[in-house]
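Below is final-v4.csv, which holds CSV, C-alpha atoms and all ligand atoms.
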```csv
chain,number,residue,atom,x,y,z
G,1,MET,CA,-5.7,-17.8,3.4
G,2,SER,CA,-3.7,-16.0,0.7
G,3,ARG,CA,-5.0,-12.6,-0.2
G,4,LYS,CA,-4.1,-11.0,-3.5
G,5,ARG,CA,-2.0,-7.9,-2.9
G,6,ILE,CA,-3.3,-4.6,-4.1
G,7,VAL,CA,-1.6,-1.2,-4.6
G,8,ALA,CA,-3.9,1.8,-5.3
G,9,GLY,CA,-2.8,5.2,-6.3
G,10,ASN,CA,-4.7,8.3,-5.1
G,11,TRP,CA,-4.0,11.2,-7.5
G,12,LYS,CA,-6.0,13.6,-5.3
G,13,MET,CA,-6.5,16.9,-7.2
G,14,ASN,CA,-3.7,16.3,-9.7
G,15,MET,CA,-3.5,15.5,-13.5
G,16,THR,CA,-5.5,16.9,-16.3
G,17,PRO,CA,-7.1,14.6,-18.9
G,18,ALA,CA,-4.2,15.2,-21.2
G,19,GLU,CA,-1.7,14.5,-18.5
G,20,THR,CA,-3.7,11.3,-17.6
G,21,VAL,CA,-3.1,9.9,-21.1
G,22,GLY,CA,0.6,10.6,-20.9
G,23,PHE,CA,1.1,9.2,-17.4
G,24,ILE,CA,-0.9,6.0,-18.1
G,25,SER,CA,1.1,5.3,-21.2
G,26,LYS,CA,4.3,5.5,-19.2
G,27,LEU,CA,2.8,3.4,-16.3
G,28,LYS,CA,1.5,0.5,-18.4
G,29,PRO,CA,4.9,-1.2,-19.2
G,30,LEU,CA,6.1,-0.6,-15.6
G,31,VAL,CA,3.2,-2.7,-14.1
G,32,GLU,CA,2.2,-5.1,-16.8
G,33,ASP,CA,3.8,-8.1,-15.0
G,34,ALA,CA,2.6,-7.1,-11.6
G,35,GLU,CA,1.5,-9.8,-9.2
G,36,ALA,CA,-0.6,-7.3,-7.3
G,37,ASP,CA,-3.9,-5.7,-8.4
G,38,VAL,CA,-3.1,-2.2,-9.7
G,39,VAL,CA,-5.6,0.6,-9.2
G,40,VAL,CA,-5.4,4.3,-9.9
G,41,CYS,CA,-8.0,6.5,-8.3
G,42,VAL,CA,-8.2,9.6,-10.5
G,43,PRO,CA,-10.1,12.9,-10.3
G,44,ALA,CA,-13.7,12.7,-11.6
G,45,ILE,CA,-12.8,14.7,-14.7
G,46,ASP,CA,-10.2,12.1,-15.7
G,47,ILE,CA,-12.3,9.0,-15.2
G,48,VAL,CA,-13.5,8.4,-18.8
G,49,THR,CA,-10.1,9.3,-20.2
G,50,ALA,CA,-8.4,6.9,-17.8
G,51,ILE,CA,-10.8,4.1,-18.5
G,52,THR,CA,-10.2,4.4,-22.2
G,53,ALA,CA,-6.4,4.7,-21.8
G,54,THR,CA,-6.3,1.5,-19.6
G,55,ARG,CA,-8.6,-0.7,-21.7
G,56,GLY,CA,-7.0,-4.1,-22.2
G,57,THR,CA,-4.4,-3.6,-19.5
G,58,ASN,CA,-4.2,-4.8,-15.9
G,59,ILE,CA,-4.7,-1.2,-14.5
G,60,MET,CA,-8.1,-0.7,-12.9
G,61,ILE,CA,-9.6,2.8,-12.4
G,62,GLY,CA,-11.1,4.1,-9.1
G,63,ALA,CA,-12.9,7.2,-8.1
G,64,GLN,CA,-11.9,9.4,-5.1
G,65,ASN,CA,-15.5,10.0,-3.8
G,66,MET,CA,-19.1,9.4,-4.6
G,67,HIS,CA,-22.5,10.6,-3.4
G,68,PHE,CA,-24.8,8.1,-1.7
G,69,GLU,CA,-28.0,9.2,-3.6
G,70,GLU,CA,-28.9,7.7,-6.9
G,71,SER,CA,-29.6,11.1,-8.5
G,72,GLY,CA,-31.1,14.5,-7.7
G,73,ALA,CA,-30.4,18.1,-6.8
G,74,TYR,CA,-26.8,17.7,-5.6
G,75,THR,CA,-24.8,20.2,-7.6
G,76,GLY,CA,-21.3,19.1,-8.3
G,77,GLU,CA,-21.7,15.6,-7.0
G,78,ILE,CA,-21.3,12.2,-8.8
G,79,SER,CA,-23.7,9.3,-8.4
G,80,PRO,CA,-22.8,5.6,-7.9
G,81,ALA,CA,-24.7,4.8,-11.2
G,82,MET,CA,-22.6,7.3,-13.1
G,83,LEU,CA,-19.4,5.7,-11.8
G,84,GLU,CA,-20.7,2.2,-12.5
G,85,SER,CA,-21.7,3.1,-16.0
G,86,ALA,CA,-18.3,4.6,-16.7
G,87,GLY,CA,-16.6,1.3,-15.7
G,88,VAL,CA,-15.2,2.4,-12.3
G,89,LYS,CA,-14.3,-0.6,-10.2
G,90,PHE,CA,-13.2,1.1,-6.9
G,91,VAL,CA,-14.1,4.2,-4.9
G,92,ILE,CA,-12.1,5.7,-2.0
G,93,LEU,CA,-14.5,6.5,0.8
G,94,GLY,CA,-13.8,8.4,4.0
G,95,HIS,CA,-10.4,9.7,3.1
G,96,SER,CA,-9.2,12.0,5.9
G,97,GLU,CA,-8.9,15.0,3.6
G,98,ARG,CA,-12.6,14.6,2.7
G,99,ARG,CA,-13.5,14.1,6.4
G,100,GLU,CA,-11.6,17.3,7.3
G,101,TYR,CA,-12.3,19.7,4.3
G,102,ASN,CA,-15.7,18.4,3.3
G,103,HIS,CA,-16.9,17.5,6.8
G,104,GLU,CA,-17.8,14.0,5.8
G,105,THR,CA,-19.3,12.0,8.7
G,106,ASP,CA,-19.1,8.3,9.6
G,107,ALA,CA,-22.9,8.1,8.9
G,108,GLU,CA,-22.4,9.5,5.3
G,109,ILE,CA,-19.5,7.2,4.7
G,110,ASN,CA,-21.6,4.2,5.8
G,111,LYS,CA,-24.4,5.2,3.3
G,112,LYS,CA,-21.8,5.6,0.6
G,113,ALA,CA,-20.3,2.2,1.3
G,114,ILE,CA,-23.8,0.5,1.1
G,115,LYS,CA,-24.5,2.2,-2.2
G,116,ALA,CA,-21.1,1.4,-3.7
G,117,PHE,CA,-21.8,-2.3,-3.0
G,118,GLU,CA,-25.2,-2.1,-4.6
G,119,HIS,CA,-23.5,-0.8,-7.8
G,120,GLY,CA,-20.7,-3.4,-7.9
G,121,ILE,CA,-18.1,-0.8,-6.9
G,122,THR,CA,-15.5,-1.9,-4.3
G,123,PRO,CA,-15.0,0.7,-1.5
G,124,ILE,CA,-11.5,1.5,-0.4
G,125,LEU,CA,-12.6,2.5,3.1
G,126,CYS,CA,-10.1,4.8,4.8
G,127,CYS,CA,-9.6,5.1,8.6
G,128,GLY,CA,-6.8,6.7,10.7
G,129,GLU,CA,-6.0,8.6,13.8
G,130,THR,CA,-4.6,12.0,14.4
G,131,LEU,CA,-1.3,12.5,16.1
G,132,LYS,CA,-3.0,13.8,19.2
G,133,GLN,CA,-5.2,10.6,19.4
G,134,ARG,CA,-2.0,8.5,19.0
G,135,GLU,CA,-0.3,10.4,21.8
G,136,LEU,CA,-3.3,9.9,24.0
G,137,ASP,CA,-3.3,6.2,23.3
G,138,LEU,CA,-6.7,6.4,21.7
G,139,THR,CA,-5.7,4.9,18.3
G,140,GLU,CA,-7.3,1.5,18.7
G,141,ASP,CA,-10.6,2.7,20.1
G,142,PHE,CA,-10.9,5.4,17.5
G,143,ILE,CA,-10.1,3.0,14.5
G,144,ARG,CA,-12.6,0.5,15.9
G,145,MET,CA,-15.2,3.2,16.1
G,146,GLN,CA,-14.6,4.3,12.5
G,147,ILE,CA,-14.8,0.7,11.2
G,148,LYS,CA,-17.9,-0.2,13.1
G,149,SER,CA,-19.7,3.0,12.0
G,150,ALA,CA,-18.7,2.7,8.3
G,151,LEU,CA,-19.7,-1.0,8.1
G,152,ALA,CA,-23.1,-0.8,10.0
G,153,GLY,CA,-25.5,-3.0,8.0
G,154,VAL,CA,-22.9,-4.2,5.5
G,155,SER,CA,-23.1,-7.9,4.8
G,156,LYS,CA,-20.1,-10.2,5.4
G,157,ILE,CA,-19.9,-11.2,1.7
G,158,ASP,CA,-19.5,-7.5,0.9
G,159,VAL,CA,-16.9,-7.0,3.6
G,160,GLN,CA,-15.0,-10.0,2.3
G,161,ASN,CA,-14.6,-8.3,-1.0
G,162,MET,CA,-13.8,-4.8,0.2
G,163,ILE,CA,-10.6,-2.9,0.9
G,164,ILE,CA,-9.8,-1.1,4.1
G,165,ALA,CA,-7.0,1.4,4.1
G,166,TYR,CA,-5.3,2.3,7.4
G,167,GLU,CA,-4.0,5.8,6.9
G,168,PRO,CA,-2.7,7.6,10.1
G,169,ILE,CA,-3.4,11.3,9.4
G,170,TRP,CA,0.0,12.3,10.7
G,171,ALA,CA,1.6,10.3,8.0
G,172,ILE,CA,-0.4,11.5,5.0
G,173,GLY,CA,1.5,13.8,2.7
G,174,THR,CA,4.0,14.6,5.5
G,175,GLY,CA,6.9,12.4,4.4
G,176,GLU,CA,6.6,10.8,7.9
G,177,THR,CA,5.8,7.1,7.5
G,178,ALA,CA,4.5,4.9,10.3
G,179,SER,CA,7.1,2.2,11.1
G,180,SER,CA,6.2,-1.2,9.8
G,181,GLU,CA,5.6,-2.3,13.4
G,182,GLN,CA,3.2,0.6,14.0
G,183,ALA,CA,1.4,0.0,10.7
G,184,GLU,CA,1.1,-3.8,11.3
G,185,GLU,CA,-0.2,-3.3,14.8
G,186,VAL,CA,-3.1,-1.2,13.7
G,187,CYS,CA,-3.8,-3.3,10.6
G,188,LYS,CA,-3.9,-6.4,12.8
G,189,THR,CA,-6.4,-4.6,15.1
G,190,ILE,CA,-8.6,-3.8,12.1
G,191,ARG,CA,-8.6,-7.5,11.1
G,192,LYS,CA,-9.4,-8.5,14.7
G,193,CYS,CA,-12.3,-6.0,14.7
G,194,ILE,CA,-13.7,-7.5,11.5
G,195,GLU,CA,-13.4,-10.9,13.0
G,196,GLU,CA,-15.4,-9.8,16.1
G,197,MET,CA,-18.0,-8.1,13.9
G,198,TYR,CA,-18.3,-11.0,11.4
G,199,ASP,CA,-16.2,-14.1,11.6
G,200,GLU,CA,-12.8,-15.5,10.9
G,201,ASN,CA,-13.5,-16.2,7.2
G,202,THR,CA,-14.4,-12.6,6.7
G,203,SER,CA,-11.4,-11.2,8.5
G,204,ASP,CA,-9.1,-13.6,6.6
G,205,ALA,CA,-10.5,-12.4,3.3
G,206,VAL,CA,-10.7,-8.6,3.7
G,207,ARG,CA,-7.7,-6.8,2.2
G,208,ILE,CA,-6.1,-4.2,4.5
G,209,LEU,CA,-3.8,-1.5,3.1
G,210,TYR,CA,-1.4,0.9,4.7
G,211,GLY,CA,-1.3,4.5,3.4
G,212,GLY,CA,0.8,7.4,4.5
G,213,SER,CA,4.0,8.6,2.7
G,214,VAL,CA,4.6,5.2,1.1
G,215,ASN,CA,7.5,5.4,-1.4
G,216,ALA,CA,9.7,3.2,-3.5
G,217,SER,CA,12.2,2.8,-0.6
G,218,ASN,CA,9.8,1.8,2.3
G,219,ALA,CA,7.1,-0.1,0.4
G,220,ALA,CA,8.7,-3.6,0.5
G,221,GLU,CA,9.2,-3.5,4.2
G,222,LEU,CA,5.6,-2.2,4.9
G,223,PHE,CA,4.0,-4.7,2.5
G,224,SER,CA,5.9,-7.6,4.0
G,225,GLN,CA,3.9,-7.4,7.2
G,226,PRO,CA,1.4,-10.2,7.7
G,227,ASP,CA,-1.7,-8.1,8.0
G,228,ILE,CA,-0.7,-5.5,5.3
G,229,ASP,CA,-2.0,-6.5,1.9
G,230,GLY,CA,-0.6,-3.5,0.0
G,231,GLY,CA,-0.8,0.2,0.0
G,232,LEU,CA,-2.8,3.3,-0.8
G,233,VAL,CA,-0.3,5.7,-2.2
G,234,GLY,CA,-0.8,9.5,-2.7
G,235,GLY,CA,2.2,11.7,-3.7
G,236,ALA,CA,4.3,8.8,-5.0
G,237,SER,CA,1.5,7.6,-7.3
G,238,LEU,CA,2.1,10.7,-9.5
G,239,LYS,CA,5.6,9.6,-10.4
G,240,PRO,CA,7.0,6.6,-12.4
G,241,ASP,CA,8.1,5.4,-8.9
G,242,PHE,CA,4.5,4.1,-8.6
G,243,GLY,CA,5.6,1.2,-10.8
G,244,LYS,CA,8.3,0.3,-8.3
G,245,ILE,CA,5.9,0.4,-5.4
G,246,VAL,CA,3.4,-1.9,-7.2
G,247,ASN,CA,6.2,-4.4,-7.8
G,248,ALA,CA,7.4,-4.2,-4.2
V,301,LIG,C1,-3.3,9.4,0.6
V,301,LIG,O1,-3.6,10.5,0.3
V,301,LIG,O2,-4.1,8.5,0.6
V,301,LIG,C2,-1.9,9.2,0.9
V,301,LIG,C3,-1.5,8.1,1.5
V,301,LIG,O3,-1.0,10.2,0.6
V,301,LIG,P1,0.6,10.2,0.7
V,301,LIG,O4,1.1,8.8,0.1
V,301,LIG,O5,1.1,11.3,-0.1
V,301,LIG,O6,1.0,10.3,2.1
```
Please re-express this file's structure in structure tokens.
Ligand code: PEP
Amino acid sequence: MSRKRIVAGNWKMNMTPAETVGFISKLKPLVEDAEADVVVCVPAIDIVTAITATRGTNIMIGAQNMHFEESGAYTGEISPAMLESAGVKFVILGHSERREYNHETDAEINKKAIKAFEHGITPILCCGETLKQRELDLTEDFIRMQIKSALAGVSKIDVQNMIIAYEPIWAIGTGETASSEQAEEVCKTIRKCIEEMYDENTSDAVRILYGGSVNASNAAELFSQPDIDGGLVGGASLKPDFGKIVNA
């Protein structure tokens, strides 16, 4: 099965609405002929601006987080219905920074994934091990546990349409990239885990990304691995280099 490639940028807590307009106008011509899906996950304050600025282009807008409740007394949070009505197509769930700084649990991430599907928003589900876990040879067990918890109760049709991002924590924002062999090994394990949980059609369809210090020089090598369908890109998505990564 041939899966459409996808490159998603994660701006994290960067870019004001005014900077968003400027950056997107520079990005548009760089990615207009891209063969891959192009997604930019922007801060909540930039979502409406980014959707307006990308109308009529091949750039899709994602959010970086979402609450699992429909509405209510959750000060500072954003609901799935709000994202849907704004035109958001993707949402990053379970990023390691949110797991660490906001104490997000696998159970919450699971509730968020289920809600995102109900609202027609595609989760970009992040998983990844710490350096310690890798050194102790716990990577595979840990990743399998994260995937199984996040996908509890999720249908195979939904899994076929979702995105999983393997992001080793030791490679995020550190400039240290997993080698293409290391990245492929874990992405293959994730695909195998999906096959065991669902079936071969589902594991063939799900798109699996690598994330962790991807840049214009290492993207082509990483993305050429058989189980890596593109990338989730942090730091380098804030520069025009993002266009080169998309086209890699
Ligand atoms: C990320 O935050 O998802 C990420 C992969 O960051 P970076 O590319 O900066 O390592």
Using all atoms listed in the file: which of G:Ser85, G:Thr139, G:Ser224, G:Ser149 has the shortest distance to Asn110 (chain G) |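 Result for the nearest residue to Asn110 (chain G): G:Ser149.
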Give the answer as one residue: which of G:His103, G:Arg55, G:Lys12, G:Lys89 has the shortest atom-to-atom distance to Val39 (chain G), using all atoms listed in the file?
-> G:Lys89
Select, from G:His95, G:Arg5, G:Arg134, G:Lys26, the residue with the minimum atom-to-atom distance to ligand LIG 301 (chain V), counting all atoms listed in the file.
-> G:His95
Shell around Asn215 (chain G) at 9 Å using only C-alpha atoms, local window under 6 positions removed, as number ranges by chain = G: 233, 235-237, 241-242, 244-245
Now that the selection is made, can you save its residues with C-alpha atoms as a tab-separated table (two decimals), in the frame of the given file?
```tsv
chain	number	residue	atom	x	y	z
G	233	VAL	CA	-0.30	5.70	-2.20
G	235	GLY	CA	2.20	11.70	-3.70
G	236	ALA	CA	4.30	8.80	-5.00
G	237	SER	CA	1.50	7.60	-7.30
G	241	ASP	CA	8.10	5.40	-8.90
G	242	PHE	CA	4.50	4.10	-8.60
G	244	LYS	CA	8.30	0.30	-8.30
G	245	ILE	CA	5.90	0.40	-5.40
```
Counting only C-alpha atoms and all ligand atoms, what residues are within 8 Å of ligand LIG 301 (chain V), given as number ranges by chain?
-> G: 9-12, 95, 97, 167, 171-175, 177, 210-215, 232-237
12 Å contact set for region 141-145 of chain G, only C-alpha atoms, chain neighbours under 3 positions out, as a VMD selection string | chain G and resid 106 to 107 125 to 130 132 to 134 136 to 138 148 to 152 164 to 169 185 to 197
Fewer than 3 positions away in the same chain doesn't count, so skip those; otherwise give me all residues within 10 Å of Ile114 (chain G), counting only C-alpha atoms, as a compact mmCIF listing (two decimals) with C-alpha atoms, in the coordinates of the input.
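The resulting out.txt:
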```txt
# COMPACT_ATOMS: atom_id res chain seq x y z
CA PHE G 68 -24.80 8.10 -1.70
CA ILE G 109 -19.50 7.20 4.70
CA ASN G 110 -21.60 4.20 5.80
CA LYS G 111 -24.40 5.20 3.30
CA PHE G 117 -21.80 -2.30 -3.00
CA GLU G 118 -25.20 -2.10 -4.60
CA HIS G 119 -23.50 -0.80 -7.80
CA ILE G 121 -18.10 -0.80 -6.90
CA PRO G 123 -15.00 0.70 -1.50
CA ALA G 150 -18.70 2.70 8.30
CA LEU G 151 -19.70 -1.00 8.10
CA ALA G 152 -23.10 -0.80 10.00
CA GLY G 153 -25.50 -3.00 8.00
CA VAL G 154 -22.90 -4.20 5.50
CA SER G 155 -23.10 -7.90 4.80
CA ASP G 158 -19.50 -7.50 0.90
```
Taking all atoms listed in the file into account, which of G:Gly94, G:Pro226, G:Gly243, G:Gly62 comes nearest Ala183 (chain G)?
-> G:Pro226
Surrounding residues of Thr49 (chain G) excluding itself and chain neighbours under 3 positions, 9 Å, only C-alpha atoms, as a PyMOL selection string = chain G and resi 17-18+20-21+45-46+52-54
Grab the CA of Ile61 (chain G) to CA of Val7 (chain G) distance for me, in Å with one decimal place.
-> 11.9 Å
Which polymer residues have any atom within 7 Å of an atom of Leu27 (chain G), counting all atoms listed in the file, with same-chain residues fewer than 4 positions away left out, as an MDAnalysis selection string?
-> chainID G and resid 23 31 240 243
Using only C-alpha atoms: which of G:Met162, G:Gly56, G:His67, G:Thr122 has the shortest distance to Glu32 (chain G) =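 Of G:Met162, G:Gly56, G:His67, G:Thr122, the one nearest Glu32 (chain G) is G:Gly56, counting only C-alpha atoms.
A straight line drawn from CA of Ala50 (chain G) to CA of Ala81 (chain G) is 17.7 Å long.
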To one decimal place, how far is CA of Ile47 (chain G) from CA of Asn218 (chain G) in Å?
->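 Interatomic distance, CA of Ile47 (chain G) to CA of Asn218 (chain G): 29.1 Å.
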Fill-in result for region 80-108 of chain G, N, CA and C atoms as a PDB file, in the frame of the given file:
```pdb
ATOM      1  N   PRO G  80     -23.381   6.969  -7.735  1.00  0.00           N
ATOM      2  CA  PRO G  80     -22.800   5.600  -7.900  1.00  0.00           C
ATOM      3  C   PRO G  80     -23.148   5.063  -9.302  1.00  0.00           C
ATOM      4  N   ALA G  81     -24.354   5.339  -9.825  1.00  0.00           N
ATOM      5  CA  ALA G  81     -24.700   4.800 -11.200  1.00  0.00           C
ATOM      6  C   ALA G  81     -23.815   5.408 -12.232  1.00  0.00           C
ATOM      7  N   MET G  82     -23.449   6.676 -12.068  1.00  0.00           N
ATOM      8  CA  MET G  82     -22.600   7.300 -13.100  1.00  0.00           C
ATOM      9  C   MET G  82     -21.196   6.608 -13.067  1.00  0.00           C
ATOM     10  N   LEU G  83     -20.680   6.340 -11.866  1.00  0.00           N
ATOM     11  CA  LEU G  83     -19.400   5.700 -11.800  1.00  0.00           C
ATOM     12  C   LEU G  83     -19.463   4.259 -12.372  1.00  0.00           C
ATOM     13  N   GLU G  84     -20.538   3.550 -12.017  1.00  0.00           N
ATOM     14  CA  GLU G  84     -20.700   2.200 -12.500  1.00  0.00           C
ATOM     15  C   GLU G  84     -20.754   2.179 -14.031  1.00  0.00           C
ATOM     16  N   SER G  85     -21.559   3.096 -14.589  1.00  0.00           N
ATOM     17  CA  SER G  85     -21.700   3.100 -16.000  1.00  0.00           C
ATOM     18  C   SER G  85     -20.448   3.468 -16.762  1.00  0.00           C
ATOM     19  N   ALA G  86     -19.599   4.251 -16.102  1.00  0.00           N
ATOM     20  CA  ALA G  86     -18.300   4.600 -16.700  1.00  0.00           C
ATOM     21  C   ALA G  86     -17.295   3.486 -16.661  1.00  0.00           C
ATOM     22  N   GLY G  87     -17.554   2.478 -15.817  1.00  0.00           N
ATOM     23  CA  GLY G  87     -16.600   1.300 -15.700  1.00  0.00           C
ATOM     24  C   GLY G  87     -15.682   1.442 -14.510  1.00  0.00           C
ATOM     25  N   VAL G  88     -16.043   2.278 -13.548  1.00  0.00           N
ATOM     26  CA  VAL G  88     -15.200   2.400 -12.300  1.00  0.00           C
ATOM     27  C   VAL G  88     -15.366   1.180 -11.462  1.00  0.00           C
ATOM     28  N   LYS G  89     -14.252   0.651 -10.972  1.00  0.00           N
ATOM     29  CA  LYS G  89     -14.300  -0.600 -10.200  1.00  0.00           C
ATOM     30  C   LYS G  89     -14.123  -0.332  -8.677  1.00  0.00           C
ATOM     31  N   PHE G  90     -13.502   0.796  -8.311  1.00  0.00           N
ATOM     32  CA  PHE G  90     -13.200   1.100  -6.900  1.00  0.00           C
ATOM     33  C   PHE G  90     -13.574   2.516  -6.586  1.00  0.00           C
ATOM     34  N   VAL G  91     -13.870   2.767  -5.318  1.00  0.00           N
ATOM     35  CA  VAL G  91     -14.100   4.200  -4.900  1.00  0.00           C
ATOM     36  C   VAL G  91     -13.455   4.349  -3.504  1.00  0.00           C
ATOM     37  N   ILE G  92     -12.631   5.377  -3.370  1.00  0.00           N
ATOM     38  CA  ILE G  92     -12.100   5.700  -2.000  1.00  0.00           C
ATOM     39  C   ILE G  92     -13.223   6.362  -1.249  1.00  0.00           C
ATOM     40  N   LEU G  93     -13.456   5.874  -0.046  1.00  0.00           N
ATOM     41  CA  LEU G  93     -14.500   6.500   0.800  1.00  0.00           C
ATOM     42  C   LEU G  93     -13.873   6.832   2.165  1.00  0.00           C
ATOM     43  N   GLY G  94     -14.244   7.992   2.661  1.00  0.00           N
ATOM     44  CA  GLY G  94     -13.800   8.400   4.000  1.00  0.00           C
ATOM     45  C   GLY G  94     -12.346   8.778   4.088  1.00  0.00           C
ATOM     46  N   HIS G  95     -11.777   9.259   2.975  1.00  0.00           N
ATOM     47  CA  HIS G  95     -10.400   9.700   3.100  1.00  0.00           C
ATOM     48  C   HIS G  95     -10.326  10.885   4.086  1.00  0.00           C
ATOM     49  N   SER G  96      -9.239  10.952   4.833  1.00  0.00           N
ATOM     50  CA  SER G  96      -9.200  12.000   5.900  1.00  0.00           C
ATOM     51  C   SER G  96      -9.264  13.394   5.360  1.00  0.00           C
ATOM     52  N   GLU G  97      -8.813  13.594   4.119  1.00  0.00           N
ATOM     53  CA  GLU G  97      -8.900  15.000   3.600  1.00  0.00           C
ATOM     54  C   GLU G  97     -10.388  15.314   3.333  1.00  0.00           C
ATOM     55  N   ARG G  98     -11.210  14.360   2.914  1.00  0.00           N
ATOM     56  CA  ARG G  98     -12.600  14.600   2.700  1.00  0.00           C
ATOM     57  C   ARG G  98     -13.328  14.760   4.100  1.00  0.00           C
ATOM     58  N   ARG G  99     -12.885  13.976   5.059  1.00  0.00           N
ATOM     59  CA  ARG G  99     -13.500  14.100   6.400  1.00  0.00           C
ATOM     60  C   ARG G  99     -13.174  15.519   6.929  1.00  0.00           C
ATOM     61  N   GLU G 100     -11.936  15.987   6.692  1.00  0.00           N
ATOM     62  CA  GLU G 100     -11.600  17.300   7.300  1.00  0.00           C
ATOM     63  C   GLU G 100     -12.127  18.466   6.452  1.00  0.00           C
ATOM     64  N   TYR G 101     -11.881  18.487   5.132  1.00  0.00           N
ATOM     65  CA  TYR G 101     -12.300  19.700   4.300  1.00  0.00           C
ATOM     66  C   TYR G 101     -13.720  19.678   3.911  1.00  0.00           C
ATOM     67  N   ASN G 102     -14.328  18.498   3.800  1.00  0.00           N
ATOM     68  CA  ASN G 102     -15.700  18.400   3.300  1.00  0.00           C
ATOM     69  C   ASN G 102     -16.651  17.956   4.448  1.00  0.00           C
ATOM     70  N   HIS G 103     -16.105  17.839   5.641  1.00  0.00           N
ATOM     71  CA  HIS G 103     -16.900  17.500   6.800  1.00  0.00           C
ATOM     72  C   HIS G 103     -17.705  16.220   6.667  1.00  0.00           C
ATOM     73  N   GLU G 104     -17.130  15.236   5.981  1.00  0.00           N
ATOM     74  CA  GLU G 104     -17.800  14.000   5.800  1.00  0.00           C
ATOM     75  C   GLU G 104     -17.908  13.236   7.150  1.00  0.00           C
ATOM     76  N   THR G 105     -19.087  12.704   7.426  1.00  0.00           N
ATOM     77  CA  THR G 105     -19.300  12.000   8.700  1.00  0.00           C
ATOM     78  C   THR G 105     -19.238  10.502   8.515  1.00  0.00           C
ATOM     79  N   ASP G 106     -19.083   9.784   9.617  1.00  0.00           N
ATOM     80  CA  ASP G 106     -19.100   8.300   9.600  1.00  0.00           C
ATOM     81  C   ASP G 106     -20.440   7.830   9.008  1.00  0.00           C
ATOM     82  N   ALA G 107     -21.527   8.516   9.363  1.00  0.00           N
ATOM     83  CA  ALA G 107     -22.900   8.100   8.900  1.00  0.00           C
ATOM     84  C   ALA G 107     -22.951   8.213   7.368  1.00  0.00           C
ATOM     85  N   GLU G 108     -22.403   9.287   6.814  1.00  0.00           N
ATOM     86  CA  GLU G 108     -22.400   9.500   5.300  1.00  0.00           C
ATOM     87  C   GLU G 108     -21.550   8.394   4.668  1.00  0.00           C
TER      88      GLU G 108
END
```
